[in-house]
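Undergrad: Contents of final15.cif (mmCIF, C-alpha atoms) are given next:
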data_data
loop_
_atom_site.label_atom_id
_atom_site.label_comp_id
_atom_site.auth_asym_id
_atom_site.auth_seq_id
_atom_site.Cartn_x
_atom_site.Cartn_y
_atom_site.Cartn_z
CA MET A 1104 4.57 -22.84 6.45
CA ALA A 1105 4.58 -20.13 3.78
CA GLU A 1106 7.15 -17.35 3.99
CA ARG A 1107 5.61 -14.19 5.38
CA TYR A 1108 5.70 -11.10 3.19
CA ASP A 1109 5.18 -7.56 4.38
CA VAL A 1110 3.59 -6.51 1.08
CA ILE A 1111 2.17 -8.53 -1.80
CA THR A 1112 1.00 -6.64 -4.89
CA ILE A 1113 -1.15 -8.07 -7.65
CA GLY A 1114 -1.49 -6.82 -11.21
CA ARG A 1115 0.29 -4.74 -13.82
CA ALA A 1116 3.94 -5.38 -14.58
CA GLY A 1117 4.93 -4.06 -17.96
CA ILE A 1118 7.43 -2.04 -19.92
CA ASP A 1119 7.77 1.72 -19.50
CA LEU A 1120 9.38 3.55 -22.41
CA TYR A 1121 10.01 7.09 -21.16
CA SER A 1122 11.24 9.79 -23.49
CA LEU A 1123 14.80 11.01 -23.11
CA ASP A 1124 13.99 14.00 -25.31
CA LEU A 1125 12.84 16.29 -22.53
CA TYR A 1126 10.12 18.80 -23.46
CA ALA A 1127 9.50 17.07 -26.80
CA PRO A 1128 5.86 16.06 -27.45
CA LEU A 1129 5.36 12.34 -27.78
CA GLU A 1130 4.95 12.45 -31.56
CA GLU A 1131 8.39 14.07 -31.88
CA ALA A 1132 10.35 12.12 -29.26
CA VAL A 1133 13.02 9.84 -30.68
CA ARG A 1134 14.99 8.45 -27.74
CA PHE A 1135 13.42 6.39 -24.95
CA ALA A 1136 14.70 4.63 -21.81
CA ARG A 1137 13.27 1.25 -20.90
CA TYR A 1138 12.16 0.39 -17.36
CA VAL A 1139 9.89 -2.08 -15.60
CA GLY A 1140 6.57 -0.32 -14.99
CA GLY A 1141 2.98 -0.88 -13.97
CA SER A 1142 1.39 0.12 -10.68
CA ALA A 1143 1.68 -3.28 -8.98
CA ALA A 1144 5.33 -3.66 -9.99
CA ASN A 1145 6.18 -0.11 -8.93
CA ILE A 1146 4.63 -0.51 -5.47
CA ALA A 1147 6.39 -3.85 -4.97
CA VAL A 1148 9.74 -2.25 -5.84
CA GLY A 1149 8.97 0.75 -3.63
CA ALA A 1150 8.25 -1.51 -0.67
CA ALA A 1151 11.41 -3.54 -1.28
CA ARG A 1152 13.58 -0.43 -1.56
CA LEU A 1153 12.27 0.76 1.80
CA GLY A 1154 13.34 -2.53 3.37
CA LEU A 1155 10.08 -4.47 3.35
CA ARG A 1156 9.80 -8.05 2.13
CA SER A 1157 7.68 -7.77 -1.00
CA ALA A 1158 6.39 -10.07 -3.73
CA LEU A 1159 4.44 -9.58 -6.94
CA ILE A 1160 1.70 -11.87 -8.27
CA THR A 1161 1.06 -11.50 -11.99
CA ARG A 1162 1.49 -13.01 -15.43
CA VAL A 1163 3.96 -11.79 -18.03
CA SER A 1164 4.59 -12.80 -21.62
CA ASP A 1165 6.68 -15.90 -22.24
CA ASP A 1166 9.33 -14.03 -24.21
CA GLU A 1167 12.33 -11.74 -23.79
CA LEU A 1168 10.23 -8.87 -22.40
CA GLY A 1169 8.68 -11.12 -19.78
CA GLU A 1170 12.11 -12.38 -18.81
CA TYR A 1171 13.40 -8.81 -18.58
CA ILE A 1172 10.62 -7.94 -16.12
CA VAL A 1173 11.29 -10.97 -13.94
CA ARG A 1174 15.04 -10.33 -13.85
CA GLN A 1175 14.72 -6.61 -13.16
CA LEU A 1176 12.21 -7.08 -10.37
CA SER A 1177 14.43 -9.70 -8.76
CA ARG A 1178 17.41 -7.36 -9.07
CA MET A 1179 15.45 -4.65 -7.28
CA GLY A 1180 14.57 -6.91 -4.36
CA VAL A 1181 11.09 -8.14 -5.27
CA ASP A 1182 10.34 -11.85 -4.85
CA ALA A 1183 9.33 -12.93 -8.35
CA ARG A 1184 8.43 -16.56 -7.62
CA PHE A 1185 4.69 -15.90 -8.12
CA ILE A 1186 5.12 -14.39 -11.59
CA LYS A 1187 3.95 -16.82 -14.26
CA LYS A 1188 4.89 -16.71 -17.92
CA ASP A 1189 1.89 -16.93 -20.22
CA PRO A 1190 2.45 -17.98 -23.85
CA GLU A 1191 -0.85 -16.36 -24.90
CA GLY A 1192 -0.41 -12.95 -23.24
CA LYS A 1193 1.69 -9.90 -24.03
CA VAL A 1194 3.15 -7.52 -21.48
CA GLY A 1195 1.75 -4.02 -21.64
CA ILE A 1196 3.92 -1.21 -23.00
CA VAL A 1197 3.64 2.47 -22.10
CA PHE A 1198 5.16 5.31 -24.13
CA ALA A 1199 5.43 8.56 -22.17
CA GLU A 1200 6.63 12.07 -22.94
CA ILE A 1201 8.61 13.86 -20.23
CA ILE A 1202 7.73 17.54 -19.90
CA PRO A 1203 9.50 18.84 -16.76
CA GLY A 1204 7.19 20.82 -14.53
CA ARG A 1205 3.95 19.31 -15.75
CA ASP A 1206 2.29 15.98 -16.43
CA GLY A 1207 3.17 14.61 -19.86
CA ARG A 1208 0.98 12.45 -22.06
CA PHE A 1209 1.30 8.68 -22.22
CA ILE A 1210 -0.10 5.89 -24.36
CA PHE A 1211 -0.88 2.31 -23.31
CA TYR A 1212 -0.45 -0.66 -25.64
CA ARG A 1213 -2.20 -3.56 -23.91
CA GLU A 1214 -3.66 -5.94 -26.47
CA LYS A 1215 -4.29 -9.27 -24.67
CA ALA A 1216 -2.40 -7.98 -21.62
CA SER A 1217 -0.80 -10.86 -19.74
CA ASP A 1218 -1.60 -9.46 -16.28
CA LEU A 1219 -5.33 -9.60 -17.10
CA LEU A 1220 -4.96 -13.35 -17.73
CA LEU A 1221 -4.21 -13.92 -14.02
CA ARG A 1222 -6.36 -16.71 -12.59
CA ILE A 1223 -7.61 -17.72 -9.16
CA GLU A 1224 -5.28 -20.71 -9.21
CA ASP A 1225 -2.33 -18.30 -9.56
CA ILE A 1226 -3.01 -16.83 -6.12
CA PRO A 1227 -0.85 -18.48 -3.40
CA SER A 1228 -3.39 -18.65 -0.60
CA GLU A 1229 -1.02 -19.15 2.33
CA ALA A 1230 1.26 -16.31 1.29
CA VAL A 1231 -1.67 -13.93 0.75
CA GLU A 1232 -3.41 -14.81 4.00
CA SER A 1233 -0.25 -14.27 6.04
CA ALA A 1234 0.97 -11.08 4.36
CA GLY A 1235 1.08 -7.76 6.17
CA ALA A 1236 -0.68 -6.04 3.28
CA VAL A 1237 -2.11 -7.22 -0.04
CA VAL A 1238 -2.61 -4.61 -2.77
CA ILE A 1239 -4.85 -5.05 -5.80
CA THR A 1240 -5.47 -2.45 -8.53
CA GLY A 1241 -8.55 -1.10 -10.23
CA THR A 1242 -7.12 -2.10 -13.59
CA GLY A 1243 -7.14 -5.71 -12.42
CA LEU A 1244 -10.94 -5.46 -12.19
CA SER A 1245 -11.36 -4.45 -15.83
CA ALA A 1246 -11.40 -7.98 -17.29
CA GLU A 1247 -11.79 -11.65 -16.49
CA PRO A 1248 -10.17 -13.88 -15.32
CA SER A 1249 -8.14 -11.20 -13.52
CA ARG A 1250 -11.20 -9.69 -11.84
CA SER A 1251 -12.14 -12.91 -10.05
CA ALA A 1252 -8.53 -13.53 -9.05
CA ASN A 1253 -8.30 -10.07 -7.49
CA TYR A 1254 -11.55 -10.47 -5.55
CA TYR A 1255 -10.31 -13.83 -4.31
CA ALA A 1256 -7.02 -12.35 -3.15
CA LEU A 1257 -8.78 -9.53 -1.27
CA GLU A 1258 -11.06 -12.02 0.45
CA LEU A 1259 -8.09 -14.19 1.45
CA ALA A 1260 -6.31 -11.15 2.84
CA ARG A 1261 -9.32 -10.15 4.94
CA ARG A 1262 -9.76 -13.71 6.17
CA GLY A 1263 -6.13 -13.89 7.23
CA GLY A 1264 -6.20 -10.54 9.02
CA SER A 1265 -4.03 -8.76 6.43
CA ARG A 1266 -4.52 -5.21 5.25
CA ALA A 1267 -6.62 -5.69 2.12
CA VAL A 1268 -5.74 -2.66 -0.01
CA LEU A 1269 -7.63 -1.43 -3.07
CA ASN A 1270 -5.47 0.88 -5.17
CA LEU A 1271 -8.23 2.51 -7.26
CA ASP A 1272 -5.76 2.97 -10.14
CA TRP A 1273 -8.14 4.48 -12.73
CA ARG A 1274 -6.88 4.43 -16.31
CA PRO A 1275 -9.79 5.35 -18.61
CA SER A 1276 -8.22 3.89 -21.76
CA LEU A 1277 -8.06 0.46 -20.11
CA TRP A 1278 -11.84 0.34 -19.51
CA ARG A 1279 -13.00 1.31 -23.02
CA ASN A 1280 -15.23 -1.70 -23.59
CA ILE A 1281 -16.98 -1.51 -20.21
CA GLY A 1282 -19.91 0.79 -19.48
CA GLU A 1283 -20.18 2.94 -16.38
CA ALA A 1284 -22.78 0.73 -14.67
CA GLU A 1285 -20.57 -2.33 -15.02
CA ARG A 1286 -17.47 -0.43 -13.90
CA LEU A 1287 -19.21 0.84 -10.78
CA LYS A 1288 -20.43 -2.67 -9.98
CA TYR A 1289 -16.94 -4.12 -10.27
CA TYR A 1290 -15.39 -1.36 -8.17
CA ARG A 1291 -18.16 -1.59 -5.56
CA LYS A 1292 -17.54 -5.27 -4.90
CA ALA A 1293 -13.82 -4.63 -4.30
CA MET A 1294 -14.64 -1.61 -2.13
CA GLU A 1295 -16.94 -3.76 0.00
CA ILE A 1296 -14.09 -6.21 0.71
CA ALA A 1297 -11.11 -3.86 1.11
CA ASN A 1298 -10.18 -2.39 4.48
CA ILE A 1299 -7.98 0.32 2.91
CA MET A 1300 -8.82 2.30 -0.25
CA ILE A 1301 -6.32 4.63 -1.88
CA GLY A 1302 -6.75 6.93 -4.86
CA ASN A 1303 -6.67 10.47 -6.19
CA ARG A 1304 -9.66 12.68 -7.01
CA SER A 1305 -10.37 11.25 -10.45
CA GLU A 1306 -9.95 7.69 -9.20
CA TYR A 1307 -12.46 8.06 -6.37
CA GLU A 1308 -14.87 9.76 -8.76
CA ALA A 1309 -14.51 6.98 -11.36
CA ALA A 1310 -14.96 4.26 -8.73
CA THR A 1311 -18.14 5.82 -7.30
CA GLY A 1312 -19.69 7.61 -10.28
CA LYS A 1313 -19.53 10.98 -8.54
CA THR A 1314 -18.08 14.20 -9.94
CA ASP A 1315 -16.83 15.66 -6.68
CA LEU A 1316 -14.24 14.23 -4.28
CA GLU A 1317 -16.29 14.97 -1.17
CA GLU A 1318 -19.30 13.14 -2.59
CA ALA A 1319 -17.10 10.30 -3.82
CA LEU A 1320 -15.60 9.80 -0.36
CA LYS A 1321 -19.07 9.89 1.19
CA THR A 1322 -20.21 7.21 -1.25
CA ALA A 1323 -17.13 5.10 -0.51
CA ARG A 1324 -17.93 5.39 3.20
CA ASP A 1325 -21.54 4.34 2.56
CA ILE A 1326 -20.25 1.29 0.68
CA ASN A 1327 -17.79 0.32 3.43
CA SER A 1328 -18.18 1.85 6.88
CA GLU A 1329 -15.06 0.18 8.28
CA ALA A 1330 -12.40 0.96 5.66
CA LEU A 1331 -9.64 3.53 5.93
CA LEU A 1332 -10.11 5.95 3.03
CA VAL A 1333 -6.97 7.67 1.75
CA ALA A 1334 -6.91 10.32 -0.97
CA THR A 1335 -3.83 11.81 -2.62
CA LEU A 1336 -4.28 15.47 -3.51
CA GLY A 1337 -1.12 16.39 -5.42
CA ARG A 1338 0.17 19.75 -4.24
CA GLU A 1339 -2.39 19.69 -1.42
CA GLY A 1340 -0.78 16.62 0.13
CA SER A 1341 -2.93 13.72 1.28
CA ILE A 1342 -5.91 13.05 3.51
CA ALA A 1343 -7.21 10.01 5.38
CA LEU A 1344 -10.68 9.34 6.79
CA THR A 1345 -10.91 6.68 9.48
CA SER A 1346 -13.92 4.50 10.28
CA LYS A 1347 -14.34 6.51 13.51
CA GLY A 1348 -14.88 9.73 11.58
CA GLU A 1349 -11.41 11.17 12.15
CA VAL A 1350 -9.88 13.24 9.36
CA VAL A 1351 -6.09 13.34 9.11
CA ARG A 1352 -4.44 15.75 6.68
CA ALA A 1353 -0.75 15.65 5.73
CA LYS A 1354 0.84 18.55 3.88
CA PRO A 1355 2.96 17.81 0.80
CA TYR A 1356 6.67 18.14 0.13
CA ILE A 1357 7.00 20.63 -2.72
CA VAL A 1358 9.60 19.71 -5.35
CA ASN A 1359 10.47 20.66 -8.92
CA HIS A 1360 9.09 17.56 -10.59
CA LEU A 1361 10.44 16.01 -13.74
CA LYS A 1362 7.24 14.06 -14.39
CA GLY A 1363 4.04 13.22 -12.54
CA LEU A 1364 4.10 9.47 -13.20
CA GLY A 1365 4.82 7.19 -10.26
CA ALA A 1366 3.90 9.59 -7.46
CA GLY A 1367 0.86 7.59 -6.38
CA ASP A 1368 2.74 4.29 -6.43
CA GLY A 1369 5.54 5.74 -4.34
CA PHE A 1370 2.99 7.19 -1.93
CA ILE A 1371 1.33 3.80 -1.44
CA ALA A 1372 4.68 2.10 -0.77
CA GLY A 1373 5.59 4.77 1.79
CA LEU A 1374 2.18 4.79 3.47
CA LEU A 1375 2.18 1.01 3.85
CA TYR A 1376 5.70 1.12 5.27
CA GLY A 1377 4.52 3.45 8.01
CA LEU A 1378 1.37 1.50 8.79
CA LEU A 1379 3.22 -1.82 8.89
CA LYS A 1380 5.81 -0.32 11.24
CA GLY A 1381 3.09 0.85 13.61
CA TRP A 1382 3.49 4.57 12.92
CA ASP A 1383 0.58 6.91 13.49
CA LEU A 1384 -1.53 7.85 10.50
CA TYR A 1385 -0.15 11.37 10.08
CA ARG A 1386 3.48 10.22 10.05
CA SER A 1387 2.61 7.41 7.62
CA LEU A 1388 0.88 9.85 5.26
CA ARG A 1389 3.81 12.27 5.36
CA PHE A 1390 6.26 9.45 4.70
CA GLY A 1391 4.16 8.43 1.70
CA ASN A 1392 4.13 12.04 0.51
CA ALA A 1393 7.93 12.11 0.75
CA VAL A 1394 8.42 8.91 -1.24
CA GLY A 1395 6.06 10.17 -3.95
CA ALA A 1396 7.85 13.53 -4.07
CA ILE A 1397 11.21 11.86 -4.59
CA VAL A 1398 9.88 9.63 -7.39
CA VAL A 1399 8.62 12.56 -9.47
CA THR A 1400 12.06 14.19 -9.47
CA ARG A 1401 13.55 11.14 -11.21
CA HIS A 1402 13.11 9.82 -14.75
CA SER A 1403 11.71 6.36 -14.11
CA CYS A 1404 9.04 5.04 -11.76
CA SER A 1405 10.24 1.66 -10.46
CA GLU A 1406 13.94 2.50 -10.38
CA ALA A 1407 13.15 5.96 -8.98
CA MET A 1408 11.83 4.45 -5.75
CA PRO A 1409 14.01 5.65 -2.85
CA THR A 1410 15.49 3.69 0.02
CA TYR A 1411 14.45 4.31 3.61
CA ASP A 1412 17.65 6.27 4.32
CA GLU A 1413 17.18 8.43 1.20
CA THR A 1414 13.61 9.18 2.23
CA MET A 1415 14.50 10.09 5.80
CA GLU A 1416 17.29 12.37 4.57
CA PHE A 1417 14.86 14.05 2.18
CA ILE A 1418 12.34 14.57 5.01
CA GLU A 1419 15.02 16.07 7.28
CA ILE A 1420 16.24 18.44 4.59
CA ASN A 1421 12.65 19.52 3.81
CA GLY A 1422 11.49 20.42 7.29
CA GLY A 1423 10.86 17.04 8.90
CA PHE A 1424 7.58 15.27 9.48
#
Spell out the structure here as structure tokens.

TA:
Amino acid sequence: MAERYDVITIGRAGIDLYSLDLYAPLEEAVRFARYVGGSAANIAVGAARLGLRSALITRVSDDELGEYIVRQLSRMGVDARFIKKDPEGKVGIVFAEIIPGRDGRFIFYREKASDLLLRIEDIPSEAVESAGAVVITGTGLSAEPSRSANYYALELARRGGSRAVLNLDWRPSLWRNIGEAERLKYYRKAMEIANIMIGNRSEYEAATGKTDLEEALKTARDINSEALLVATLGREGSIALTSKGEVVRAKPYIVNHLKGLGAGDGFIAGLLYGLLKGWDLYRSLRFGNAVGAIVVTRHSCSEAMPTYDETMEFIEINGGF
């Protein structure tokens, strides 16, 4: 019998190099701090920090950087047994400027990215089918064999009664060689399978081909009438649309942010915590908002993820749920 995980994430685990020269533009920054990054890795760490049993499924390079990722994730409480080392792939690297108070620029280096070499045979079927939630990312749909592996994992999750979560995760620079029609087709198939979709305005628009959030959400609903649709709205908080037509809005926690990176990943970890614990949708959204707000006040993404106690203290200090 496979061990049961609360959350399994699939996809990007790379190296974040974040500038230590605050306010300096990227071309002038000299000093950088190294962290484990990537949406799937960040969410897995976020879930683990909150007290959930989490695991990551991905491939990393078979070198010192790949080993660093495995060791750091294990140190932060993520089960790394499903991470495979690939001698042909390279872990992605992100350079980011840190401009306190606004979103800084960042650059991806992802030539032959190891996480996109993930294969169907890398997916542990028993673990995925029995998990509380399985999270795939939009980036994982941008290339084969990763795309097929992600579809397979979503289908296993649905079959096993898990929450099959599509993190829309739109990064334009990672889809450069794919036209809009293809992109929409790939997203649509995942949207048809998922029973939870999560993204911000630009991510919903990219996944549906619309230029307005309201229209994008309507299109997502037309594609999948049963899914829970969740949108993060930055300083407007978050919103969820249920299959029964209910609309739940959760106001944000306003903070002085150091950087914008990681907010969405923290939100997803917090939201899933609430849903897995049986909380109502509003409380779960607010908890996700709180986790995301904490992350943007700290320098890293993965290591910025707060514990449950830190999050509850933050919520109490900032007016409660």

Undergrad: Nearest residue to Ala1310 in chain A out of A:Asp1165, A:Glu1214, A:Glu1283, A:Asp1109, using all atoms listed in the file?

TA: A:Glu1283

Undergrad: When distances are computed from all atoms listed in the file, which of A:Thr1410, A:Thr1112, A:Ser1233, A:Asn1280 shows the smallest separation from Asn1145 in chain A?

TA: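 Among A:Thr1410, A:Thr1112, A:Ser1233, A:Asn1280, it is A:Thr1112 that comes nearest to Asn1145 in chain A.
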
Undergrad: Can you work out the spacing between CA of Ser1217 in chain A and CA of Phe1185 in chain A in Å, to one decimal?

TA: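 For CA of Ser1217 in chain A relative to CA of Phe1185 in chain A, the distance reads 13.8 Å.
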
Undergrad: Rounded to one decimal, what separation in Å do you get between CA of Ser1142 in chain A and CA of Ala1366 in chain A?

TA: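 Straight-line distance from CA of Ser1142 in chain A to CA of Ala1366 in chain A works out to 10.3 Å.
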
Undergrad: Taking all atoms listed in the file into account, name the residue in A:Ala1147, A:Asp1189, A:Lys1347, A:Leu1384 that is nearest to Asp1166 in chain A.

TA: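 Closest to Asp1166 in chain A, using all atoms listed in the file: A:Asp1189.
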
Undergrad: CA of Pro1203 in chain A to CA of Thr1242 in chain A: how many Å, to one decimal?

TA: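 CA of Thr1242 in chain A lies at a distance of 26.9 Å from CA of Pro1203 in chain A.
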
Undergrad: Enumerate, as a list of chain:residue names, the residues matched when the PyMOL selection byres ((chain A and resi 1328) around 10) is run on the file above.

TA: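 Evaluating the PyMOL selection byres ((chain A and resi 1328) around 10) on these coordinates yields A:Glu1295, A:Asn1298, A:Lys1321, A:Thr1322, A:Ala1323, A:Arg1324, A:Asp1325, A:Ile1326, A:Asn1327, A:Glu1329, A:Ala1330, A:Leu1331, A:Leu1332, A:Thr1345, A:Ser1346, A:Lys1347, A:Gly1348.
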
Undergrad: Excluding Val1181 in chain A and any residue of its chain fewer than 4 positions from it, enumerate the residues within 9 Å of it, using all atoms listed in the file, and give them as a PyMOL selection string.

TA: chain A and resi 1144+1147-1148+1150-1152+1156-1159+1175-1177

Undergrad: Smallest atom-to-atom distance to Asp1119 in chain A: which of A:Val1399, A:Cys1404, A:Val1268, A:Val1133, using only C-alpha atoms?

TA: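 Using only C-alpha atoms, the shortest distance to Asp1119 in chain A belongs to A:Cys1404.
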
Undergrad: I'd like the neighbourhood of range 1218-1226 of chain A as a PDB file with C-alpha atoms, in the coordinates of the input, where a residue qualifies if any of its atoms comes within 6 Å (using all atoms listed in the file), though same-chain residues fewer than 3 positions away should be ignored.

TA:
ATOM      1  CA  GLY A1114      -1.490  -6.820 -11.210  1.00  0.00           C
ATOM      2  CA  ARG A1115       0.290  -4.740 -13.820  1.00  0.00           C
ATOM      3  CA  THR A1161       1.060 -11.500 -11.990  1.00  0.00           C
ATOM      4  CA  ARG A1162       1.490 -13.010 -15.430  1.00  0.00           C
ATOM      5  CA  PRO A1248     -10.170 -13.880 -15.320  1.00  0.00           C
ATOM      6  CA  SER A1249      -8.140 -11.200 -13.520  1.00  0.00           C
ATOM      7  CA  ALA A1252      -8.530 -13.530  -9.050  1.00  0.00           C
TER       8      ALA A1252
END

Undergrad: For the structure provided, state which residues fall under the PyMOL selection byres ((chain A and resi 1118) around 8), and present them as a count of residues only.

TA: 15

Undergrad: Taking only C-alpha atoms into account, name the residue in A:Val1110, A:Ile1239, A:Ile1146, A:Ala1319 that is nearest to Arg1304 in chain A.

TA: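 Checking each of A:Val1110, A:Ile1239, A:Ile1146, A:Ala1319 against Arg1304 in chain A, counting only C-alpha atoms, the winner is A:Ala1319.
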
Undergrad: Kindly indicate which residue among A:Val1358, A:Met1294, A:Ile1418, A:Ala1284 lies nearest to Leu1257 in chain A, using only C-alpha atoms for the distances.

TA: A:Met1294

Undergrad: Counting only C-alpha atoms, which residues of range 1165-1258 of chain A fall within 12 Å of range 1367-1380 of chain A, and what is the closest atom pair for each with its distance in Å at one decimal, ordered by chain and rising number, as a Markdown table?

TA:
| residue | atom | partner | partner_atom | distance |
| --- | --- | --- | --- | --- |
| A:Ala1234 | CA | A:Leu1379 | CA | 10.6 |
| A:Gly1235 | CA | A:Leu1379 | CA | 6.9 |
| A:Ala1236 | CA | A:Leu1375 | CA | 7.6 |
| A:Val1237 | CA | A:Leu1375 | CA | 10.1 |
| A:Val1238 | CA | A:Ile1371 | CA | 9.4 |
| A:Ile1239 | CA | A:Ile1371 | CA | 11.6 |
| A:Thr1240 | CA | A:Asp1368 | CA | 10.8 |
